[in-house]
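Below: run-v6.cif (mmCIF, C-alpha atoms)
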```cif
data_query
#
loop_
_atom_site.label_atom_id
_atom_site.label_comp_id
_atom_site.auth_asym_id
_atom_site.auth_seq_id
_atom_site.Cartn_x
_atom_site.Cartn_y
_atom_site.Cartn_z
CA MET Z 11 -1.87 -14.80 22.10
CA ASN Z 12 -1.02 -13.94 18.60
CA GLU Z 13 1.81 -12.51 16.58
CA ILE Z 14 1.55 -8.92 15.53
CA ASN Z 15 2.42 -7.77 12.07
CA PRO Z 16 5.49 -5.58 12.69
CA ASP Z 17 4.28 -2.99 10.15
CA PHE Z 18 0.99 -2.70 11.95
CA SER Z 19 2.68 -2.36 15.32
CA ALA Z 20 4.97 0.30 13.93
CA VAL Z 21 2.06 2.28 12.59
CA LEU Z 22 -0.61 1.75 15.22
CA GLY Z 23 1.54 0.77 18.17
CA THR Z 24 1.37 -2.23 20.43
CA PRO Z 25 -1.54 -2.83 22.83
CA ASP Z 26 0.50 -1.76 25.81
CA GLY Z 27 2.34 1.05 24.10
CA GLU Z 28 1.41 4.27 22.45
CA ALA Z 29 0.87 4.53 18.72
CA ASP Z 30 3.96 5.45 16.80
CA GLN Z 31 2.59 8.53 15.13
CA ALA Z 32 5.93 9.34 13.51
CA ALA Z 33 5.88 6.10 11.55
CA SER Z 34 2.39 6.90 10.42
CA GLU Z 35 3.37 10.34 9.22
CA ARG Z 36 6.40 9.00 7.35
CA SER Z 37 4.28 7.24 4.79
CA SER Z 38 2.81 9.14 1.91
CA GLU Z 39 0.53 8.00 -0.90
CA SER Z 40 -0.86 4.63 0.00
CA ASN Z 41 -0.92 1.58 -2.16
CA PHE Z 42 -3.97 -0.01 -0.66
CA VAL Z 43 -3.40 -3.34 -2.39
CA GLU Z 44 0.06 -3.72 -0.87
CA ILE Z 45 -1.25 -2.70 2.53
CA PHE Z 46 -4.20 -5.06 2.11
CA LEU Z 47 -1.83 -7.97 1.40
CA ALA Z 48 0.40 -7.01 4.33
CA GLU Z 49 -2.60 -6.82 6.64
CA LEU Z 50 -4.38 -9.90 5.29
CA GLU Z 51 -3.56 -12.05 8.32
CA ARG Z 52 -4.97 -9.43 10.67
CA LEU Z 53 -8.13 -9.06 8.59
CA LYS Z 54 -8.54 -12.83 8.71
CA ARG Z 55 -8.26 -12.69 12.50
CA ILE Z 56 -11.07 -10.12 12.60
CA ILE Z 57 -13.24 -12.31 10.38
CA ALA Z 58 -12.53 -15.37 12.51
CA GLY Z 59 -13.14 -13.39 15.69
CA MET Z 60 -16.48 -12.22 14.39
CA GLY Z 61 -17.41 -15.85 13.89
CA LEU Z 62 -17.83 -15.90 10.12
CA SER Z 63 -17.57 -19.13 8.19
CA ALA Z 64 -14.84 -19.62 5.59
CA SER Z 65 -17.20 -18.93 2.68
CA ASP Z 66 -18.62 -15.78 4.28
CA GLY Z 67 -15.10 -14.73 5.21
CA GLU Z 68 -14.01 -15.20 1.61
CA ASP Z 69 -16.86 -12.94 0.44
CA VAL Z 70 -15.84 -10.30 2.94
CA LEU Z 71 -12.18 -10.43 1.90
CA GLN Z 72 -13.13 -10.27 -1.79
CA ASP Z 73 -15.22 -7.16 -1.15
CA VAL Z 74 -12.50 -5.53 0.90
CA SER Z 75 -9.85 -6.32 -1.73
CA ILE Z 76 -12.03 -4.75 -4.46
CA GLN Z 77 -12.51 -1.65 -2.34
CA ALA Z 78 -8.75 -1.56 -1.72
CA VAL Z 79 -8.05 -1.73 -5.47
CA LYS Z 80 -10.53 1.09 -6.11
CA ARG Z 81 -8.92 3.18 -3.42
CA THR Z 82 -5.31 2.69 -4.53
CA GLY Z 83 -3.62 6.01 -5.23
CA LYS Z 84 -5.75 7.97 -2.75
CA TYR Z 85 -3.58 10.12 -0.54
CA LEU Z 86 -3.62 8.67 2.99
CA THR Z 87 -0.95 7.87 5.54
CA LYS Z 88 -0.15 4.22 6.05
CA GLY Z 89 -1.77 4.30 9.49
CA ASP Z 90 -4.96 5.79 8.07
CA SER Z 91 -4.96 3.18 5.29
CA ILE Z 92 -4.68 0.33 7.79
CA ARG Z 93 -7.42 1.82 9.97
CA TRP Z 94 -9.60 2.20 6.88
CA LEU Z 95 -9.04 -1.45 5.89
CA ILE Z 96 -9.88 -2.68 9.39
CA LYS Z 97 -12.96 -0.47 9.53
CA VAL Z 98 -14.23 -1.74 6.18
CA THR Z 99 -13.59 -5.34 7.21
CA VAL Z 100 -15.32 -4.85 10.57
CA ASN Z 101 -18.34 -3.24 8.91
CA ARG Z 102 -18.61 -6.04 6.37
CA CYS Z 103 -18.33 -8.62 9.16
CA LEU Z 104 -21.06 -6.85 11.13
CA MET Z 105 -23.31 -6.97 8.06
CA GLU Z 106 -22.74 -10.73 7.82
CA HIS Z 107 -23.11 -11.04 11.58
CA ARG Z 108 -26.53 -9.41 11.48
CA ARG Z 109 -27.66 -11.19 8.32
CA ARG Z 110 -26.65 -14.71 9.21
CA ARG Z 111 -25.88 -16.69 12.28
CA SER Z 112 -22.20 -16.48 13.15
CA PHE Z 113 -20.15 -18.94 15.20
CA ARG Z 114 -21.88 -21.85 13.51
CA ARG Z 115 -19.14 -24.34 14.24
CA LEU Z 116 -20.29 -26.45 17.16
CA ALA Z 117 -18.10 -26.95 20.22
CA SER Z 118 -17.92 -30.68 19.53
CA GLU Z 119 -16.57 -29.94 16.05
CA ILE Z 120 -14.05 -27.53 17.47
CA LEU Z 121 -12.85 -30.07 19.97
CA LYS Z 122 -12.71 -32.76 17.34
CA ARG Z 123 -10.42 -30.58 15.26
CA ARG Z 124 -8.32 -29.79 18.27
CA SER Z 125 -7.08 -33.17 19.34
CA GLU Z 126 -5.30 -31.43 22.18
CA THR Z 127 -7.03 -28.36 23.56
CA LYS Z 128 -5.23 -25.48 25.18
CA THR Z 129 -6.97 -26.30 28.45
CA GLY Z 130 -4.76 -29.33 28.82
CA SER Z 131 -7.65 -31.52 29.91
CA THR Z 132 -7.00 -35.16 29.51
CA THR Z 133 -9.69 -37.10 31.32
CA ALA Z 134 -13.04 -37.83 29.75
CA GLU Z 135 -14.74 -35.81 32.48
CA ASN Z 136 -12.57 -32.80 31.85
CA LYS Z 137 -13.14 -33.08 28.13
CA ALA Z 138 -16.87 -33.09 28.73
CA ILE Z 139 -16.59 -29.98 30.91
CA VAL Z 140 -14.53 -28.20 28.28
CA ALA Z 141 -17.01 -29.16 25.59
CA GLU Z 142 -19.89 -27.83 27.67
CA GLU Z 143 -18.06 -24.60 28.49
CA LEU Z 144 -17.05 -24.14 24.87
CA GLU Z 145 -20.63 -24.59 23.76
CA ILE Z 146 -21.83 -22.00 26.29
CA MET Z 147 -19.18 -19.60 25.12
CA ARG Z 148 -19.94 -20.21 21.43
CA LYS Z 149 -23.63 -19.49 21.98
CA THR Z 150 -22.85 -16.43 24.08
CA LEU Z 151 -20.51 -15.03 21.41
CA GLN Z 152 -23.19 -15.75 18.82
CA GLU Z 153 -25.76 -13.79 20.81
CA LEU Z 154 -23.43 -10.98 21.73
CA ASP Z 155 -24.34 -7.71 20.08
CA GLY Z 156 -21.93 -6.53 17.37
CA SER Z 157 -21.24 -3.36 19.34
CA LEU Z 158 -19.82 -5.52 22.16
CA LEU Z 159 -18.26 -8.32 20.11
CA THR Z 160 -16.25 -6.04 17.81
CA PRO Z 161 -14.26 -4.26 20.54
CA MET Z 162 -13.59 -7.64 22.15
CA VAL Z 163 -12.22 -9.13 18.94
CA LEU Z 164 -10.07 -6.10 18.18
CA ARG Z 165 -8.77 -5.84 21.75
CA TYR Z 166 -8.23 -9.47 22.70
CA PHE Z 167 -7.79 -11.25 19.37
CA CYS Z 168 -6.10 -8.54 17.32
CA ASP Z 169 -4.10 -7.11 20.22
CA LEU Z 170 -5.07 -3.47 19.73
CA ASN Z 171 -5.32 -1.13 22.68
CA SER Z 172 -8.46 0.79 23.65
CA SER Z 173 -7.37 3.97 21.85
CA GLN Z 174 -6.72 2.11 18.59
CA VAL Z 175 -10.00 0.24 18.86
CA GLY Z 176 -11.71 3.59 19.50
CA GLU Z 177 -10.12 5.14 16.41
CA ILE Z 178 -11.27 2.25 14.24
CA LEU Z 179 -14.81 2.17 15.64
CA SER Z 180 -15.14 5.94 16.05
CA LEU Z 181 -15.58 5.60 19.82
CA SER Z 182 -13.82 7.22 22.74
CA PRO Z 183 -11.34 4.98 24.61
CA SER Z 184 -13.54 5.16 27.73
CA THR Z 185 -16.55 3.92 25.73
CA VAL Z 186 -14.41 1.09 24.35
CA ARG Z 187 -13.33 0.13 27.87
CA SER Z 188 -16.89 0.20 29.17
CA ARG Z 189 -18.06 -2.00 26.27
CA LEU Z 190 -15.19 -4.40 26.91
CA ARG Z 191 -16.17 -4.62 30.57
CA GLU Z 192 -19.79 -5.24 29.63
CA ALA Z 193 -18.92 -7.93 27.07
CA ARG Z 194 -16.48 -9.69 29.38
CA MET Z 195 -19.00 -9.70 32.20
CA ILE Z 196 -21.71 -11.20 29.99
CA LEU Z 197 -19.38 -14.04 28.99
CA ALA Z 198 -18.13 -14.59 32.54
CA LYS Z 199 -21.60 -14.62 34.08
CA ARG Z 200 -22.77 -17.29 31.65
CA LEU Z 201 -19.96 -19.50 32.90
CA VAL Z 202 -20.78 -18.67 36.51
CA GLU Z 203 -24.43 -19.60 35.87
CA ARG Z 204 -23.26 -22.96 34.57
CA GLY Z 205 -21.04 -23.34 37.62
CA ILE Z 206 -17.31 -22.79 37.48
CA GLU Z 207 -14.69 -24.65 39.50
CA LEU Z 208 -12.41 -22.50 41.59
CA MET V 18 -14.59 0.34 54.99
CA ALA V 19 -15.34 -2.94 53.24
CA SER V 20 -15.82 -2.69 49.49
CA SER V 21 -19.12 -3.88 48.09
CA CYS V 22 -19.22 -6.65 45.46
CA LYS V 23 -20.86 -4.26 42.98
CA GLU V 24 -18.01 -1.81 43.34
CA ILE V 25 -15.39 -4.54 42.92
CA GLU V 26 -17.20 -6.09 39.97
CA ARG V 27 -16.79 -2.85 38.03
CA MET V 28 -13.02 -3.14 38.45
CA LEU V 29 -12.65 -6.88 37.90
CA VAL V 30 -12.12 -6.79 34.13
CA ASP V 31 -9.35 -4.23 34.42
CA TYR V 32 -7.94 -6.22 37.35
CA ALA V 33 -7.95 -9.40 35.25
CA ASP V 34 -6.23 -7.51 32.42
CA GLY V 35 -3.65 -6.10 34.83
CA ARG V 36 -4.65 -2.53 34.02
CA LEU V 37 -5.56 -1.27 37.50
CA SER V 38 -3.46 1.13 39.51
CA ALA V 39 -1.55 -0.35 42.45
CA GLY V 40 -3.97 1.16 44.97
CA LYS V 41 -7.11 -0.13 43.31
CA SER V 42 -5.47 -3.46 42.59
CA SER V 43 -4.67 -4.08 46.26
CA LYS V 44 -8.22 -3.04 47.19
CA VAL V 45 -9.63 -5.62 44.78
CA ALA V 46 -7.17 -8.26 45.99
CA ALA V 47 -8.23 -7.62 49.59
CA HIS V 48 -11.88 -8.05 48.69
CA LEU V 49 -11.21 -11.19 46.66
CA ALA V 50 -9.43 -12.77 49.60
CA LYS V 51 -12.68 -12.86 51.54
CA CYS V 52 -15.36 -13.01 48.80
CA GLU V 53 -15.88 -16.33 46.99
CA ASP V 54 -18.52 -14.96 44.59
CA CYS V 55 -16.14 -12.33 43.25
CA ARG V 56 -13.36 -14.93 43.00
CA ARG V 57 -15.71 -17.05 40.96
CA ILE V 58 -16.43 -14.13 38.62
CA LEU V 59 -12.71 -13.44 38.24
CA ALA V 60 -12.07 -17.09 37.39
CA ALA V 61 -14.93 -16.96 34.90
CA LEU V 62 -13.52 -13.80 33.31
CA GLN V 63 -10.18 -15.52 32.74
CA ARG V 64 -11.73 -18.80 31.66
CA SER V 65 -14.19 -17.17 29.26
CA LEU V 66 -11.38 -15.34 27.47
CA GLU V 67 -9.44 -18.60 27.12
CA LEU V 68 -12.50 -20.30 25.66
CA ALA V 69 -13.24 -17.40 23.34
CA SER V 70 -9.65 -17.61 22.11
CA VAL V 71 -10.09 -21.32 21.41
CA ILE V 72 -13.21 -20.55 19.33
CA TRP V 73 -11.54 -17.66 17.52
CA GLU V 74 -8.39 -19.66 16.78
CA ASP V 75 -10.52 -22.50 15.46
CA GLY V 76 -12.30 -20.09 13.15
CA LEU V 77 -8.98 -18.62 12.08
CA ALA V 78 -7.67 -22.06 11.09
CA GLU V 79 -10.59 -22.30 8.69
CA ILE V 80 -10.24 -18.74 7.40
CA GLU V 81 -6.44 -19.05 6.98
CA ALA V 82 -6.92 -21.25 3.94
CA ILE V 83 -8.68 -18.48 2.01
CA ARG V 84 -6.70 -17.21 -0.95
CA ILE V 85 -7.77 -13.90 -2.38
CA PRO V 86 -6.89 -13.17 -5.99
CA ILE V 87 -6.30 -9.44 -6.10
CA PRO V 88 -8.18 -7.84 -8.99
CA LYS V 89 -6.06 -5.52 -11.05
CA LYS V 90 -7.18 -1.97 -11.37
CA GLU V 91 -8.31 -1.35 -14.94
CA ARG V 92 -5.93 0.97 -16.65
CA ARG V 93 -7.81 3.67 -18.46
CA PHE V 94 -6.67 4.56 -21.97
CA GLN V 95 -4.55 7.57 -21.28
CA TRP V 96 -5.56 9.65 -24.31
CA THR V 97 -4.15 12.80 -22.74
CA LYS V 98 -0.67 11.26 -22.79
CA TYR V 99 -0.93 10.36 -26.48
CA ALA V 100 -2.54 13.71 -27.32
CA ALA V 101 0.39 15.49 -25.67
CA VAL V 102 2.90 13.49 -27.76
CA ALA V 103 0.93 14.20 -30.98
CA ALA V 104 0.69 17.91 -30.12
CA GLY V 105 4.45 18.00 -29.53
CA ILE V 106 5.18 16.45 -32.91
CA LEU V 107 2.76 18.87 -34.62
CA LEU V 108 4.36 21.84 -32.89
CA VAL V 109 7.83 20.83 -34.08
CA LEU V 110 6.58 20.45 -37.66
CA VAL V 111 4.78 23.81 -37.71
CA SER V 112 7.77 25.59 -36.14
CA SER V 113 10.07 24.05 -38.71
CA ILE V 114 7.83 25.20 -41.62
CA VAL V 115 7.46 28.72 -40.19
CA TRP V 116 11.18 29.02 -39.62
CA ARG V 117 11.98 27.80 -43.12
CA THR V 118 9.44 30.21 -44.61
CA PHE V 119 10.18 33.37 -42.71
CA PHE V 120 13.50 33.17 -40.93
CA ARG V 121 15.85 31.05 -43.02
CA PRO V 122 18.73 33.27 -44.25
CA ALA V 123 18.44 33.81 -48.02
CA LYS V 124 21.08 32.22 -50.21
CA LYS V 125 23.66 34.82 -51.11
CA GLU V 126 23.03 35.98 -54.70
CA PRO V 127 26.07 37.22 -56.68
CA THR V 128 25.94 40.91 -57.46
CA PHE V 129 26.19 42.27 -60.99
CA ALA V 130 29.61 43.71 -60.24
CA GLU V 131 30.86 40.29 -59.12
CA ILE V 132 29.52 38.66 -62.30
CA GLU V 133 31.16 41.34 -64.37
CA ARG V 134 34.43 40.90 -62.52
CA LYS V 135 34.33 37.11 -63.04
CA ILE V 136 33.69 37.54 -66.78
CA SER V 137 36.47 40.06 -67.02
CA GLU V 138 38.90 37.80 -65.16
CA SER V 139 37.96 34.78 -67.28
CA GLY V 140 38.51 36.85 -70.46
CA SER V 141 41.87 38.16 -69.30
CA ALA V 142 43.01 34.69 -68.28
CA ALA V 143 41.86 33.25 -71.64
CA ARG V 144 43.71 35.94 -73.56
CA LEU V 145 46.91 35.37 -71.57
CA LEU V 146 46.55 31.60 -72.09
CA ALA V 147 46.14 32.09 -75.86
CA ALA V 148 49.22 34.32 -75.97
CA ALA V 149 51.22 31.77 -73.97
CA GLU V 150 50.22 28.98 -76.34
CA LEU V 151 51.35 31.07 -79.35
CA LEU V 152 54.72 31.64 -77.66
CA ALA V 153 55.01 27.93 -76.85
CA GLU V 154 55.57 27.24 -80.55
CA TYR V 155 58.99 28.87 -80.19
CA PRO V 156 61.55 26.61 -78.42
CA ASP V 157 63.50 29.55 -76.94
CA ALA V 158 60.46 30.95 -75.17
CA GLU V 159 59.86 27.91 -72.96
CA THR V 160 60.84 29.70 -69.73
CA ILE V 161 58.67 32.72 -70.47
CA VAL V 162 55.74 30.46 -71.35
CA ARG V 163 55.99 28.59 -68.05
CA GLN V 164 56.11 31.88 -66.13
CA GLN V 165 53.04 32.96 -68.08
CA TYR V 166 51.12 29.79 -67.10
CA ARG V 167 52.08 30.28 -63.43
CA TYR V 168 50.93 33.87 -63.57
CA ILE V 169 47.53 32.78 -64.93
CA VAL V 170 47.16 30.13 -62.18
CA GLU V 171 48.11 32.54 -59.39
CA THR V 172 46.27 35.65 -60.63
CA TYR V 173 43.02 34.07 -61.92
CA PRO V 174 42.75 30.83 -59.94
CA ASP V 175 38.95 30.38 -60.37
CA THR V 176 38.92 30.63 -64.15
CA PRO V 177 38.82 27.81 -66.76
CA ALA V 178 42.09 29.21 -68.24
CA ALA V 179 43.83 28.65 -64.87
CA GLY V 180 42.81 24.97 -65.04
CA GLU V 181 44.25 24.67 -68.52
CA ALA V 182 47.43 26.44 -67.41
CA LYS V 183 47.88 23.96 -64.55
CA LEU V 184 47.71 21.09 -67.04
CA ARG V 185 50.27 22.74 -69.34
CA ILE V 186 52.70 23.21 -66.42
CA LYS V 187 52.47 19.52 -65.59
#
```

As structure tokens, how would this structure be written, given the file I've shared?
Amino acid sequence: MNEINPDFSAVLGTPDGEADQAASERSSESNFVEIFLAELERLKRIIAGMGLSASDGEDVLQDVSIQAVKRTGKYLTKGDSIRWLIKVTVNRCLMEHRRRRSFRRLASEILKRRSETKTGSTTAENKAIVAEELEIMRKTLQELDGSLLTPMVLRYFCDLNSSQVGEILSLSPSTVRSRLREARMILAKRLVERGIEL
Amino acid sequence: MASSCKEIERMLVDYADGRLSAGKSSKVAAHLAKCEDCRRILAALQRSLELASVIWEDGLAEIEAIRIPIPKKERRFQWTKYAAVAAGILLVLVSSIVWRTFFRPAKKEPTFAEIERKISESGSAARLLAAAELLAEYPDAETIVRQQYRYIVETYPDTPAAGEAKLRIK
């Protein structure tokens, strides 16, 4: 679904594998700015996953970069530094998520930008179905509580496993899994209500 | 015993993610084979994740363009560093003054006996030089005179008379 920053994988592990603790321990004093720049793509994924607009996302990244600069020189392992950056970004996104409406880009706009959608639909009827489904999903994501949306974004859009998501959100892996199940079911049932083709 | 839809529903997300054990997975598969409602939910689970990904990717395309200028951390004036350098310089200066004042070995002063000896040697050398110059007026005494000059140079080398004697020899 997406490409994983090799540094991040080395430190936090891949979704299907265990975290490479040794790599985390190898690092010493963190240069948060360097880590911030290395992790920028991942932070952008979180912002996009949380449904923030480009201008709100820019504000979030500015804030996080300032916090990273202030924190440079603090003694943390690389893994801890990355987790801290993700946590700060997630918290800032949640603030924006609560304050303003997220996922403001309409399904029609999304489809317009994507001349060829991943669904591979070609006929006008199919396009209409995709547009309708996308709109349902957009609204559902918009309404989804931050406590359910965040684990979903980190798990399915940032490719972290339940343990890593739990570490970042200060939750147990079982709580993360139960929230993922709840969030996925909410999204799925909205589509079922609309009527899904088998 | 047939599994209830409620029971299966709890496992469907993990089933869709491929994270169920083989036993549970086959149980779910068996139920799905005969339950259209659960199949519909499974399809919706997969479809909803695809659609969410489309929305997320679309947002990412917009966010990707953001460029963040990294603010530089303000460097504080490191007065401690400069104070340490200044203190070092001051320490070297004070040590140097103290050493010069208290520990520098005193210049060796000549003793009275040495002064007396030097005066005596200079006088002797001058007298011998004067005698040699008187003898030099006699042509037959040239050899003796030269020996006398050499004696002055060798015996009283640090005296003014020895310098004169060297010139006479040349």

Could you list, as a short mmCIF file (atom, residue, chain, number, x, y, z; two decimals) with C-alpha atoms, keeping the file's coordinate frame, every residue matched by the PyMOL selection byres ((chain V) within 10 of (chain Z)) in this structure?
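Saved file selection-v7.cif follows:
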```cif
data_model
loop_
_atom_site.label_atom_id
_atom_site.label_comp_id
_atom_site.auth_asym_id
_atom_site.auth_seq_id
_atom_site.Cartn_x
_atom_site.Cartn_y
_atom_site.Cartn_z
CA GLU V 26 -17.20 -6.09 39.97
CA ARG V 27 -16.79 -2.85 38.03
CA MET V 28 -13.02 -3.14 38.45
CA LEU V 29 -12.65 -6.88 37.90
CA VAL V 30 -12.12 -6.79 34.13
CA ASP V 31 -9.35 -4.23 34.42
CA ARG V 36 -4.65 -2.53 34.02
CA GLU V 53 -15.88 -16.33 46.99
CA ASP V 54 -18.52 -14.96 44.59
CA ARG V 56 -13.36 -14.93 43.00
CA ARG V 57 -15.71 -17.05 40.96
CA ILE V 58 -16.43 -14.13 38.62
CA LEU V 59 -12.71 -13.44 38.24
CA ALA V 60 -12.07 -17.09 37.39
CA ALA V 61 -14.93 -16.96 34.90
CA LEU V 62 -13.52 -13.80 33.31
CA GLN V 63 -10.18 -15.52 32.74
CA ARG V 64 -11.73 -18.80 31.66
CA SER V 65 -14.19 -17.17 29.26
CA LEU V 66 -11.38 -15.34 27.47
CA GLU V 67 -9.44 -18.60 27.12
CA LEU V 68 -12.50 -20.30 25.66
CA ALA V 69 -13.24 -17.40 23.34
CA SER V 70 -9.65 -17.61 22.11
CA VAL V 71 -10.09 -21.32 21.41
CA ILE V 72 -13.21 -20.55 19.33
CA TRP V 73 -11.54 -17.66 17.52
CA GLU V 74 -8.39 -19.66 16.78
CA ASP V 75 -10.52 -22.50 15.46
CA GLY V 76 -12.30 -20.09 13.15
CA LEU V 77 -8.98 -18.62 12.08
CA ALA V 78 -7.67 -22.06 11.09
CA GLU V 79 -10.59 -22.30 8.69
CA ILE V 80 -10.24 -18.74 7.40
CA GLU V 81 -6.44 -19.05 6.98
CA ALA V 82 -6.92 -21.25 3.94
CA ILE V 83 -8.68 -18.48 2.01
CA ARG V 84 -6.70 -17.21 -0.95
CA ILE V 85 -7.77 -13.90 -2.38
CA PRO V 86 -6.89 -13.17 -5.99
CA ILE V 87 -6.30 -9.44 -6.10
CA PRO V 88 -8.18 -7.84 -8.99
CA LYS V 89 -6.06 -5.52 -11.05
CA LYS V 90 -7.18 -1.97 -11.37
CA GLU V 91 -8.31 -1.35 -14.94
#
```

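Between atom CA of Z:Leu179 and atom CA of Z:Lys97 lies a distance of 6.9 Å.
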
Check your understanding: Counting only C-alpha atoms, what is within 8 Å of stretch 137-147 of chain V, bar same-chain residues fewer than 5 positions away, as a list of chain:residue names?
Key -> V:Gln165, V:Tyr166, V:Ile169, V:Tyr173, V:Thr176, V:Pro177, V:Ala178, V:Ala179, V:Ala182

If I wrap all listed atoms of stretch 184-199 of chain Z in a box with edges along x, y and z and add 3 Å on each side, what are its centre and edge lengths in Å to one decimal, as lines of an AutoDock Vina configuration file?
```
center_x = -17.5
center_y = -4.7
center_z = 29.2
size_x = 14.4
size_y = 25.8
size_z = 15.7
```

Practice item. Go ahead and compute the interatomic distance for atom CA of Z:Thr87 and atom CA of Z:Leu104, in Å to one decimal. Key: 25.5 Å

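Atom CA of Z:Glu49 lies 16.0 Å from atom CA of Z:Cys103.
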
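Residue nearest Z:Gly156 within the list Z:Asp169, Z:Glu106, Z:Asp73, Z:Asp90: Z:Glu106 [criterion: smallest interatomic distance, all atoms listed in the file].
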
V:Ile161: which residues within 12 Å, counting all atoms listed in the file, same-chain residues fewer than 3 positions away excluded, as a PDB file with C-alpha atoms, in the frame of the given file?
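Written file, result21.pdb:
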```pdb
ATOM      1  CA  ALA V 148      49.220  34.320 -75.970  1.00  0.00           C
ATOM      2  CA  ALA V 149      51.220  31.770 -73.970  1.00  0.00           C
ATOM      3  CA  GLU V 150      50.220  28.980 -76.340  1.00  0.00           C
ATOM      4  CA  LEU V 151      51.350  31.070 -79.350  1.00  0.00           C
ATOM      5  CA  LEU V 152      54.720  31.640 -77.660  1.00  0.00           C
ATOM      6  CA  ALA V 153      55.010  27.930 -76.850  1.00  0.00           C
ATOM      7  CA  GLU V 154      55.570  27.240 -80.550  1.00  0.00           C
ATOM      8  CA  TYR V 155      58.990  28.870 -80.190  1.00  0.00           C
ATOM      9  CA  PRO V 156      61.550  26.610 -78.420  1.00  0.00           C
ATOM     10  CA  ASP V 157      63.500  29.550 -76.940  1.00  0.00           C
ATOM     11  CA  ALA V 158      60.460  30.950 -75.170  1.00  0.00           C
ATOM     12  CA  GLN V 164      56.110  31.880 -66.130  1.00  0.00           C
ATOM     13  CA  GLN V 165      53.040  32.960 -68.080  1.00  0.00           C
ATOM     14  CA  TYR V 166      51.120  29.790 -67.100  1.00  0.00           C
ATOM     15  CA  ARG V 167      52.080  30.280 -63.430  1.00  0.00           C
ATOM     16  CA  TYR V 168      50.930  33.870 -63.570  1.00  0.00           C
ATOM     17  CA  ILE V 186      52.700  23.210 -66.420  1.00  0.00           C
TER      18      ILE V 186
END
```

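Nearest residue to V:Lys41, choosing from V:Val162, V:Ile25, V:Cys55, V:Ala103 and counting only C-alpha atoms: V:Ile25.
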
Could you write stretch 44-55 of chain V as a JSON list (two decimals), in the frame of the given file, with N, CA and C atoms rebuilt where they are missing?
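Contents of the output file rebuild_7.json:
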```json
[["chain", "number", "residue", "atom", "x", "y", "z"],
["V", 44, "LYS", "N", -6.86, -3.08, 46.63],
["V", 44, "LYS", "CA", -8.22, -3.04, 47.19],
["V", 44, "LYS", "C", -9.03, -4.24, 46.69],
["V", 45, "VAL", "N", -8.91, -4.49, 45.38],
["V", 45, "VAL", "CA", -9.63, -5.62, 44.78],
["V", 45, "VAL", "C", -9.10, -6.94, 45.37],
["V", 46, "ALA", "N", -7.78, -7.03, 45.46],
["V", 46, "ALA", "CA", -7.17, -8.26, 45.99],
["V", 46, "ALA", "C", -7.67, -8.53, 47.42],
["V", 47, "ALA", "N", -7.76, -7.47, 48.21],
["V", 47, "ALA", "CA", -8.23, -7.62, 49.59],
["V", 47, "ALA", "C", -9.67, -8.12, 49.62],
["V", 48, "HIS", "N", -10.48, -7.60, 48.74],
["V", 48, "HIS", "CA", -11.88, -8.05, 48.69],
["V", 48, "HIS", "C", -11.96, -9.51, 48.21],
["V", 49, "LEU", "N", -11.17, -9.82, 47.20],
["V", 49, "LEU", "CA", -11.21, -11.19, 46.66],
["V", 49, "LEU", "C", -10.81, -12.22, 47.71],
["V", 50, "ALA", "N", -9.91, -11.84, 48.58],
["V", 50, "ALA", "CA", -9.43, -12.77, 49.60],
["V", 50, "ALA", "C", -10.57, -13.26, 50.50],
["V", 51, "LYS", "N", -11.60, -12.43, 50.63],
["V", 51, "LYS", "CA", -12.68, -12.86, 51.54],
["V", 51, "LYS", "C", -14.02, -13.07, 50.82],
["V", 52, "CYS", "N", -14.08, -12.87, 49.50],
["V", 52, "CYS", "CA", -15.36, -13.01, 48.80],
["V", 52, "CYS", "C", -15.27, -14.09, 47.70],
["V", 53, "GLU", "N", -15.94, -15.20, 47.93],
["V", 53, "GLU", "CA", -15.88, -16.33, 46.99],
["V", 53, "GLU", "C", -16.63, -16.01, 45.69],
["V", 54, "ASP", "N", -17.73, -15.30, 45.80],
["V", 54, "ASP", "CA", -18.52, -14.96, 44.59],
["V", 54, "ASP", "C", -17.68, -14.16, 43.60],
["V", 55, "CYS", "N", -16.96, -13.16, 44.14],
["V", 55, "CYS", "CA", -16.14, -12.33, 43.25],
["V", 55, "CYS", "C", -14.97, -13.14, 42.69]]
```
